[in-house]
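Visitor: Data: start-v3.txt, compact mmCIF, C-alpha atoms and all ligand atoms.
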```txt
# COMPACT_ATOMS: atom_id res chain seq x y z
CA MET A 1 -40.01 6.90 -41.53
CA ARG A 2 -39.69 10.58 -42.34
CA THR A 3 -38.97 13.14 -39.64
CA THR A 4 -39.76 16.77 -39.01
CA ILE A 5 -39.65 18.84 -35.81
CA LYS A 6 -42.23 18.92 -33.05
CA ALA A 7 -42.70 22.68 -32.68
CA PRO A 8 -41.50 25.97 -34.16
CA ALA A 9 -38.16 27.46 -33.06
CA THR A 10 -36.91 30.99 -33.78
CA ILE A 11 -33.39 32.45 -33.77
CA GLU A 12 -32.55 36.13 -34.27
CA GLY A 13 -29.34 38.00 -35.00
CA ILE A 14 -27.67 39.71 -37.93
CA GLY A 15 -26.82 38.35 -41.36
CA LEU A 16 -23.16 37.60 -42.07
CA HIS A 17 -22.86 39.04 -45.56
CA LYS A 18 -25.55 41.73 -45.64
CA GLY A 19 -25.18 42.78 -42.03
CA LYS A 20 -28.90 43.38 -41.54
CA PRO A 21 -31.14 42.17 -38.69
CA ALA A 22 -32.11 38.59 -39.44
CA ARG A 23 -34.55 36.03 -38.09
CA VAL A 24 -35.13 32.39 -38.92
CA THR A 25 -38.02 30.25 -37.74
CA PHE A 26 -37.96 26.49 -38.17
CA LEU A 27 -41.46 25.11 -38.67
CA PRO A 28 -42.76 21.54 -38.63
CA ALA A 29 -43.71 20.30 -42.11
CA GLU A 30 -46.68 18.00 -42.57
CA GLY A 31 -46.18 16.23 -45.88
CA ALA A 32 -43.18 14.73 -47.66
CA THR A 33 -42.05 18.22 -48.64
CA GLY A 34 -38.31 18.04 -48.02
CA LEU A 35 -36.37 21.10 -46.87
CA ARG A 36 -38.01 24.35 -47.99
CA PHE A 37 -37.53 28.07 -47.50
CA LEU A 38 -40.35 30.47 -46.76
CA ASN A 39 -39.97 34.19 -47.19
CA PRO A 40 -42.52 37.01 -47.39
CA ALA A 41 -41.23 37.74 -50.92
CA PHE A 42 -41.84 34.19 -52.21
CA ALA A 43 -45.21 33.38 -53.76
CA SER A 44 -44.88 29.80 -52.51
CA PRO A 45 -42.34 27.85 -50.43
CA LEU A 46 -39.04 27.47 -52.25
CA PRO A 47 -37.62 23.94 -52.15
CA ALA A 48 -33.94 23.77 -51.22
CA LEU A 49 -32.87 22.11 -54.45
CA LEU A 50 -29.93 22.37 -56.82
CA ASN A 51 -31.97 23.96 -59.61
CA ARG A 52 -32.70 26.91 -57.31
CA VAL A 53 -29.04 27.71 -56.62
CA SER A 54 -28.26 31.21 -57.87
CA GLY A 55 -24.79 31.85 -56.48
CA THR A 56 -21.86 30.26 -54.65
CA ALA A 57 -19.60 33.23 -53.82
CA ARG A 58 -18.57 32.85 -50.15
CA GLY A 59 -21.86 31.15 -49.40
CA THR A 60 -24.65 29.34 -51.20
CA ASN A 61 -27.62 31.39 -52.38
CA ILE A 62 -30.93 30.22 -53.72
CA SER A 63 -33.58 32.12 -55.60
CA ASP A 64 -37.10 31.83 -56.98
CA GLY A 65 -35.98 33.90 -59.98
CA LYS A 66 -36.93 37.20 -58.35
CA THR A 67 -35.79 37.11 -54.74
CA THR A 68 -32.50 35.69 -53.57
CA ILE A 69 -31.83 34.36 -50.12
CA TYR A 70 -28.21 34.22 -49.10
CA THR A 71 -26.00 31.90 -47.09
CA VAL A 72 -28.41 28.98 -46.72
CA GLU A 73 -25.75 26.32 -46.14
CA HIS A 74 -25.50 26.41 -42.35
CA LEU A 75 -29.26 26.04 -41.95
CA LEU A 76 -29.34 23.14 -44.43
CA SER A 77 -26.32 21.57 -42.77
CA ALA A 78 -28.05 21.56 -39.37
CA ALA A 79 -31.18 19.91 -40.85
CA ALA A 80 -29.22 17.34 -42.88
CA GLY A 81 -26.72 16.67 -40.09
CA LEU A 82 -29.57 15.76 -37.76
CA GLY A 83 -31.31 13.61 -40.39
CA ILE A 84 -34.42 15.80 -40.70
CA ASP A 85 -36.37 15.02 -43.89
CA ASP A 86 -39.06 17.69 -43.90
CA LEU A 87 -38.61 21.19 -42.55
CA ASP A 88 -39.93 24.62 -43.42
CA ILE A 89 -37.33 27.32 -42.81
CA GLU A 90 -38.87 30.78 -42.66
CA LEU A 91 -36.51 33.71 -43.16
CA ALA A 92 -37.72 37.18 -42.26
CA GLY A 93 -35.09 38.79 -44.49
CA GLU A 94 -32.69 37.76 -47.22
CA GLU A 95 -30.21 35.95 -45.00
CA PRO A 96 -30.25 33.83 -41.83
CA PRO A 97 -28.70 35.17 -38.62
CA ALA A 98 -24.95 34.50 -38.57
CA THR A 99 -25.15 33.44 -34.89
CA ASP A 100 -21.58 32.51 -33.87
CA GLY A 101 -20.54 31.56 -37.42
CA SER A 102 -21.27 27.88 -36.91
CA ALA A 103 -24.44 25.75 -37.19
CA LEU A 104 -24.58 25.02 -33.48
CA ALA A 105 -27.39 27.46 -32.59
CA PHE A 106 -29.53 26.05 -35.44
CA ALA A 107 -28.81 22.41 -34.63
CA ALA A 108 -29.33 22.99 -30.90
CA ALA A 109 -32.67 24.73 -31.54
CA LEU A 110 -33.82 21.82 -33.72
CA VAL A 111 -32.77 19.28 -31.09
CA ARG A 112 -34.42 21.32 -28.32
CA THR A 113 -37.77 21.41 -30.07
CA GLY A 114 -37.46 17.68 -30.70
CA LEU A 115 -37.76 15.49 -33.77
CA LEU A 116 -41.11 14.08 -34.78
CA GLN A 117 -41.43 10.85 -36.71
CA LYS A 118 -44.19 10.76 -39.28
CA PRO A 119 -45.69 7.28 -39.54
CA GLY A 120 -46.96 6.37 -42.98
CA LEU A 121 -44.65 8.72 -44.84
CA GLN A 122 -41.93 6.76 -46.57
CA ARG A 123 -38.39 8.06 -46.32
CA LYS A 124 -36.45 8.43 -49.57
CA THR A 125 -32.68 8.46 -49.62
CA LEU A 126 -29.83 8.82 -52.10
CA SER A 127 -27.12 6.24 -52.63
CA ILE A 128 -24.81 5.32 -55.49
CA ALA A 129 -23.85 2.07 -57.21
CA ASP A 130 -20.34 3.00 -58.37
CA ARG A 131 -17.44 5.23 -57.42
CA LEU A 132 -17.74 8.85 -58.61
CA GLU A 133 -15.01 11.41 -58.90
CA MET A 134 -14.91 15.07 -59.82
CA THR A 135 -11.80 17.23 -60.04
CA ASN A 136 -11.40 20.90 -60.75
CA GLY A 137 -8.01 22.52 -60.24
CA THR A 138 -6.81 21.47 -56.79
CA THR A 139 -10.29 20.43 -55.65
CA ARG A 140 -11.20 16.79 -55.71
CA CYS A 141 -14.42 15.12 -54.57
CA THR A 142 -14.93 11.37 -54.55
CA ALA A 143 -17.88 9.24 -53.49
CA PHE A 144 -17.99 5.50 -52.93
CA PRO A 145 -20.77 3.09 -52.04
CA SER A 146 -20.29 2.23 -48.36
CA HIS A 147 -22.10 1.24 -45.18
CA GLY A 148 -23.49 4.20 -43.33
CA VAL A 149 -22.59 7.77 -44.29
CA SER A 150 -19.05 8.95 -43.72
CA PHE A 151 -16.90 11.88 -44.75
CA LYS A 152 -13.23 12.62 -45.03
CA LEU A 153 -12.35 16.24 -45.70
CA THR A 154 -8.96 17.77 -46.35
CA TYR A 155 -8.44 21.49 -46.05
CA ASP A 156 -5.12 23.13 -46.65
CA TYR A 157 -3.98 26.63 -47.19
CA PRO A 158 -0.44 27.91 -47.64
CA HIS A 159 -0.35 29.84 -44.38
CA PRO A 160 1.88 28.92 -41.44
CA LEU A 161 -1.04 29.00 -38.98
CA VAL A 162 -3.30 26.80 -41.11
CA GLY A 163 -1.35 24.15 -43.01
CA ARG A 164 -3.13 20.90 -43.72
CA GLN A 165 -6.11 19.70 -41.70
CA VAL A 166 -7.85 16.36 -42.29
CA VAL A 167 -11.08 15.35 -40.56
CA GLU A 168 -12.98 12.13 -40.81
CA PHE A 169 -16.41 11.39 -39.36
CA THR A 170 -19.24 8.94 -39.63
CA LEU A 171 -22.34 11.07 -39.91
CA THR A 172 -24.77 10.51 -37.05
CA PRO A 173 -26.85 13.20 -35.34
CA GLU A 174 -24.71 12.84 -32.19
CA GLU A 175 -21.44 13.12 -34.08
CA TYR A 176 -22.71 16.07 -36.10
CA LEU A 177 -23.87 17.95 -33.02
CA ALA A 178 -20.66 17.39 -31.08
CA ASN A 179 -17.99 17.60 -33.75
CA VAL A 180 -19.25 19.42 -36.84
CA ALA A 181 -22.02 21.88 -35.91
CA PRO A 182 -19.81 23.94 -33.51
CA ALA A 183 -17.08 24.66 -36.09
CA ARG A 184 -17.14 28.33 -37.05
CA THR A 185 -16.66 30.10 -40.33
CA PHE A 186 -13.37 31.86 -40.93
CA GLY A 187 -11.68 34.39 -43.12
CA PHE A 188 -8.23 35.76 -43.72
CA SER A 189 -7.50 39.29 -42.53
CA HIS A 190 -6.02 40.17 -45.93
CA GLU A 191 -9.36 39.39 -47.64
CA ILE A 192 -11.64 41.42 -45.40
CA GLU A 193 -11.36 44.76 -47.19
CA ALA A 194 -11.99 43.19 -50.59
CA LEU A 195 -14.96 41.21 -49.27
CA LYS A 196 -16.56 44.32 -47.79
CA ALA A 197 -15.93 46.24 -51.00
CA ALA A 198 -17.78 43.44 -52.84
CA GLY A 199 -20.74 43.83 -50.45
CA LEU A 200 -19.90 40.64 -48.55
CA ALA A 201 -19.11 39.97 -44.87
CA LEU A 202 -20.76 43.31 -43.96
CA GLY A 203 -22.10 41.72 -40.77
CA GLY A 204 -18.86 39.85 -40.10
CA SER A 205 -17.16 40.37 -36.75
CA LEU A 206 -15.21 38.42 -34.18
CA GLU A 207 -18.60 37.43 -32.74
CA ASN A 208 -19.40 35.35 -35.81
CA ALA A 209 -16.15 34.48 -37.56
CA ILE A 210 -12.58 33.45 -36.89
CA VAL A 211 -10.04 35.80 -38.42
CA ILE A 212 -6.72 34.39 -39.55
CA GLY A 213 -4.16 37.18 -39.44
CA GLU A 214 -0.62 37.16 -40.68
CA LYS A 215 0.79 36.21 -37.29
CA GLU A 216 -2.16 35.11 -35.18
CA ILE A 217 -5.56 33.47 -35.27
CA ILE A 218 -8.19 35.64 -33.63
CA ALA A 219 -11.04 33.46 -32.39
CA LYS A 220 -13.47 34.37 -29.64
CA ASP A 221 -12.59 32.20 -26.62
CA GLY A 222 -9.93 30.44 -28.72
CA LEU A 223 -10.34 27.71 -31.31
CA ARG A 224 -12.98 25.10 -30.47
CA PHE A 225 -10.99 22.36 -32.22
CA PRO A 226 -7.39 22.38 -33.49
CA ASP A 227 -8.84 21.48 -36.92
CA GLU A 228 -11.84 23.82 -36.73
CA PHE A 229 -11.32 25.07 -40.32
CA ALA A 230 -11.59 21.61 -41.86
CA ARG A 231 -14.60 20.86 -39.66
CA HIS A 232 -16.30 24.02 -40.86
CA LYS A 233 -15.63 23.08 -44.48
CA LEU A 234 -17.32 19.75 -43.72
CA LEU A 235 -20.27 21.61 -42.16
CA ASP A 236 -20.59 23.58 -45.42
CA LEU A 237 -20.26 20.45 -47.57
CA ILE A 238 -23.04 18.68 -45.64
CA GLY A 239 -25.27 21.74 -46.11
CA ASP A 240 -24.56 22.10 -49.82
CA LEU A 241 -25.07 18.37 -50.50
CA ALA A 242 -28.51 18.65 -48.88
CA LEU A 243 -29.48 20.57 -52.02
CA ALA A 244 -29.53 17.19 -53.80
CA GLY A 245 -32.92 16.95 -52.08
CA LEU A 246 -32.48 13.52 -50.50
CA PRO A 247 -30.63 12.38 -47.38
CA LEU A 248 -27.50 10.37 -48.18
CA LYS A 249 -27.40 6.66 -47.46
CA ASP A 250 -24.56 4.12 -47.51
CA ILE A 251 -22.06 6.45 -49.07
CA ARG A 252 -18.57 7.67 -48.26
CA ILE A 253 -17.52 11.09 -49.48
CA GLU A 254 -13.95 12.32 -49.60
CA ALA A 255 -13.36 15.96 -50.44
CA GLU A 256 -10.06 17.77 -50.87
CA ARG A 257 -10.09 21.59 -50.76
CA PRO A 258 -13.82 21.88 -51.42
CA GLY A 259 -15.74 25.14 -51.74
CA HIS A 260 -19.37 26.04 -52.31
CA ALA A 261 -19.13 25.92 -56.11
CA SER A 262 -17.53 22.46 -56.14
CA ASN A 263 -19.94 21.25 -53.45
CA VAL A 264 -22.91 22.23 -55.59
CA ASN A 265 -21.38 20.67 -58.71
CA PHE A 266 -20.65 17.49 -56.81
CA ALA A 267 -24.22 17.41 -55.50
CA LYS A 268 -25.36 17.63 -59.14
CA LEU A 269 -23.16 14.69 -60.09
CA LEU A 270 -24.46 12.67 -57.12
CA SER A 271 -28.03 13.48 -58.14
CA GLN A 272 -27.43 12.40 -61.72
CA LYS A 273 -25.89 9.08 -60.66
CA ALA A 274 -28.15 8.48 -57.68
CA ILE A 275 -30.13 5.38 -57.01
CA PRO A 276 -33.14 6.72 -55.14
CA ASN A 277 -34.20 4.30 -52.40
CA ASN A 278 -37.22 3.90 -50.28
CA ASP A 279 -36.17 3.15 -46.72
ZN ZN B 301 -19.83 28.07 -43.77
```
In structure tokens, write the structure found in this file.

Guide:
Amino acid sequence: MRTTIKAPATIEGIGLHKGKPARVTFLPAEGATGLRFLNPAFASPLPALLNRVSGTARGTNISDGKTTIYTVEHLLSAAAGLGIDDLDIELAGEEPPATDGSALAFAAALVRTGLLQKPGLQRKTLSIADRLEMTNGTTRCTAFPSHGVSFKLTYDYPHPLVGRQVVEFTLTPEEYLANVAPARTFGFSHEIEALKAAGLALGGSLENAIVIGEKEIIAKDGLRFPDEFARHKLLDLIGDLALAGLPLKDIRIEAERPGHASNVNFAKLLSQKAIPNND
């Protein structure tokens, strides 16, 4: 049975990359419409699908060909992590609020409003028959048929305060909410100037990102998990894979050093090889 939410929920703040005031409202969706974005600039709701992706630099952007909305992955991650099939996501501007840099505020708002099951609307899911692998440089993504949905993610970075972090979770709404949604985005202090010069991270601050400096990690109230970076990469991966347009089923995904571009490419490969199921 497909699910949506029971009532609207709104969150306000500022956008991470553009730094402008931002507001998102989650709205219940009636039909089997999947995850969609609404924006005053769009003529009609824009489905969150791979063929709408218009950029993957430091975030995943989608576009209707005229208007781009930025950094959609944390919103999509919250919806997919909680197993929501149909949701309208209305953005007042071009980017969602950064909140604390994680997906926790979004996931918590969705849980607070409550999930609504929609009798009579069949749920469609994505699974695969055979092992898939994609490599690009040091990035490797693999998927296997499995029971349930599980992830293993490896993040490493040649920095003495980061090193190698490996996380492994079975994806359930409870697990997502407790162990993935709270992991915050992060950046390296040496990148900040270049990012701002490129018009990115303009709304970034210690309120919404962890900064990894040469000698210390600056995180508001400390790190939430010792492996928070890998968990955040998993949060992003779950959000980007949602662009395949179907919830995953009976699949295990292992990703080494993934980023938004590889996530989107891997979602394309999964879509091409998918066996669509009716639950
Ligand atoms: Zn992220």

Visitor: Taking into account all atoms listed in the file, which residue in the set A:Lys273, A:His74, A:Lys124, A:His159 is nearest to His232 of chain A?

Guide: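 Answer, going by the shortest atom-to-atom distance: A:His74.
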
Visitor: Give me, please, the distance in Å between atom CA of Ala7 of chain A and atom CA of Val180 of chain A, quoted to one decimal.

Guide: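 These two atoms are separated by 24.0 Å.
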
Visitor: Return as number ranges by chain every polymer residue, whether protein, DNA or RNA, with at least one atom no more than 12 Å from an atom of ligand ZN 301 (chain B); count only C-alpha atoms and all ligand atoms.

Guide: A: 16-17, 56-60, 70-78, 98-104, 180-187, 201, 208-210, 228-240, 258-260, 263

Visitor: Return the padded bounding box of segment 145-160 of chain A as AutoDock Vina command-line options: axis-aligned, built from all atoms listed in the file, 4 Å added on each side, with centre and edge lengths in Å to one decimal.

Guide:
```
--center_x -10.8 --center_y 15.5 --center_z -46.7 --size_x 33.4 --size_y 36.6 --size_z 18.6
```

Visitor: Which of these, A:Asn277, A:Thr172, A:Ser271, A:Gln165, has the shortest distance to Ala242 of chain A once you count all atoms listed in the file?

Guide: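 Answer, going by the shortest atom-to-atom distance: A:Ser271.
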
Visitor: Kindly give the distance, in Å, that separates atom CA of Glu30 of chain A and atom CA of Ala107 of chain A, rounded to a single decimal.

Guide: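 Atom-to-atom, atom CA of Glu30 of chain A to atom CA of Ala107 of chain A, that is 20.0 Å.
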
Visitor: Taking (-33.5, 28.0, -54.9) in the file's coordinates, which residues come within 8 Å, counting only C-alpha atoms, written as a list of chain:residue names?

Guide: A:Leu46, A:Pro47, A:Ala48, A:Leu49, A:Leu50, A:Asn51, A:Arg52, A:Val53, A:Ser54, A:Asn61, A:Ile62, A:Ser63, A:Asp64, A:Thr68

Visitor: Got time to write the residues from that selection, C-alpha atoms, as a PDB file, in the frame of the given file?

Guide:
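See result-v2.pdb below for the written result:
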```pdb
ATOM      1  CA  LEU A  46     -39.040  27.470 -52.250  1.00  0.00           C
ATOM      2  CA  PRO A  47     -37.620  23.940 -52.150  1.00  0.00           C
ATOM      3  CA  ALA A  48     -33.940  23.770 -51.220  1.00  0.00           C
ATOM      4  CA  LEU A  49     -32.870  22.110 -54.450  1.00  0.00           C
ATOM      5  CA  LEU A  50     -29.930  22.370 -56.820  1.00  0.00           C
ATOM      6  CA  ASN A  51     -31.970  23.960 -59.610  1.00  0.00           C
ATOM      7  CA  ARG A  52     -32.700  26.910 -57.310  1.00  0.00           C
ATOM      8  CA  VAL A  53     -29.040  27.710 -56.620  1.00  0.00           C
ATOM      9  CA  SER A  54     -28.260  31.210 -57.870  1.00  0.00           C
ATOM     10  CA  ASN A  61     -27.620  31.390 -52.380  1.00  0.00           C
ATOM     11  CA  ILE A  62     -30.930  30.220 -53.720  1.00  0.00           C
ATOM     12  CA  SER A  63     -33.580  32.120 -55.600  1.00  0.00           C
ATOM     13  CA  ASP A  64     -37.100  31.830 -56.980  1.00  0.00           C
ATOM     14  CA  THR A  68     -32.500  35.690 -53.570  1.00  0.00           C
TER      15      THR A  68
END
```

Visitor: Atom CA of Pro28 of chain A to atom CA of Arg2 of chain A: how many Å, to one decimal?

Guide: 12.0 Å

Visitor: Quick one: everything within 8 Å of segment 109-115 of chain A, counting only C-alpha atoms, minus sequence neighbours fewer than 3 positions away in the same chain. Send it as a ChimeraX atom specification.

Guide: /A:3-10,26,79,84,105-106

Visitor: For the selection you just gave me, I'd like the residues written to a file as a PDB file, in the frame of the given file, keeping C-alpha atoms.

Guide:
```pdb
ATOM      1  CA  THR A   3     -38.970  13.140 -39.640  1.00  0.00           C
ATOM      2  CA  THR A   4     -39.760  16.770 -39.010  1.00  0.00           C
ATOM      3  CA  ILE A   5     -39.650  18.840 -35.810  1.00  0.00           C
ATOM      4  CA  LYS A   6     -42.230  18.920 -33.050  1.00  0.00           C
ATOM      5  CA  ALA A   7     -42.700  22.680 -32.680  1.00  0.00           C
ATOM      6  CA  PRO A   8     -41.500  25.970 -34.160  1.00  0.00           C
ATOM      7  CA  ALA A   9     -38.160  27.460 -33.060  1.00  0.00           C
ATOM      8  CA  THR A  10     -36.910  30.990 -33.780  1.00  0.00           C
ATOM      9  CA  PHE A  26     -37.960  26.490 -38.170  1.00  0.00           C
ATOM     10  CA  ALA A  79     -31.180  19.910 -40.850  1.00  0.00           C
ATOM     11  CA  ILE A  84     -34.420  15.800 -40.700  1.00  0.00           C
ATOM     12  CA  ALA A 105     -27.390  27.460 -32.590  1.00  0.00           C
ATOM     13  CA  PHE A 106     -29.530  26.050 -35.440  1.00  0.00           C
TER      14      PHE A 106
END
```

Visitor: Nearest to Leu87 of chain A: which of A:Ala143, A:Val264, A:Leu38, A:Ile275 is it, counting only C-alpha atoms?

Guide: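 When distances to Leu87 of chain A are compared using only C-alpha atoms, the smallest one comes from A:Leu38.
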
Visitor: In file coordinates, which residues lie within 12 Å of (-46.1, 12.5, -50.5) using only C-alpha atoms, given as a PDB file with C-alpha atoms, in the coordinates of the input?

Guide:
```
ATOM      1  CA  ARG A   2     -39.690  10.580 -42.340  1.00  0.00           C
ATOM      2  CA  ALA A  29     -43.710  20.300 -42.110  1.00  0.00           C
ATOM      3  CA  GLU A  30     -46.680  18.000 -42.570  1.00  0.00           C
ATOM      4  CA  GLY A  31     -46.180  16.230 -45.880  1.00  0.00           C
ATOM      5  CA  ALA A  32     -43.180  14.730 -47.660  1.00  0.00           C
ATOM      6  CA  THR A  33     -42.050  18.220 -48.640  1.00  0.00           C
ATOM      7  CA  GLY A  34     -38.310  18.040 -48.020  1.00  0.00           C
ATOM      8  CA  ASP A  86     -39.060  17.690 -43.900  1.00  0.00           C
ATOM      9  CA  LYS A 118     -44.190  10.760 -39.280  1.00  0.00           C
ATOM     10  CA  GLY A 120     -46.960   6.370 -42.980  1.00  0.00           C
ATOM     11  CA  LEU A 121     -44.650   8.720 -44.840  1.00  0.00           C
ATOM     12  CA  GLN A 122     -41.930   6.760 -46.570  1.00  0.00           C
ATOM     13  CA  ARG A 123     -38.390   8.060 -46.320  1.00  0.00           C
ATOM     14  CA  LYS A 124     -36.450   8.430 -49.570  1.00  0.00           C
TER      15      LYS A 124
END
```

Visitor: Which one of A:Gly199, A:Pro96, A:Gly213, A:Gly81 sits closest to Leu248 of chain A if you count all atoms listed in the file?

Guide: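 Nearest to Leu248 of chain A: A:Gly81.
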
Visitor: Using all atoms listed in the file, which residue out of A:Lys268, A:Arg224, A:Arg131, A:Lys196 lies closest to Lys18 of chain A?

Guide: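 Closest candidate: A:Lys196.
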
Visitor: Could you tell me which of A:Ser44, A:His147, A:Leu161, A:Ala108 comes closest to Ser127 of chain A if we count all atoms listed in the file?

Guide: A:His147
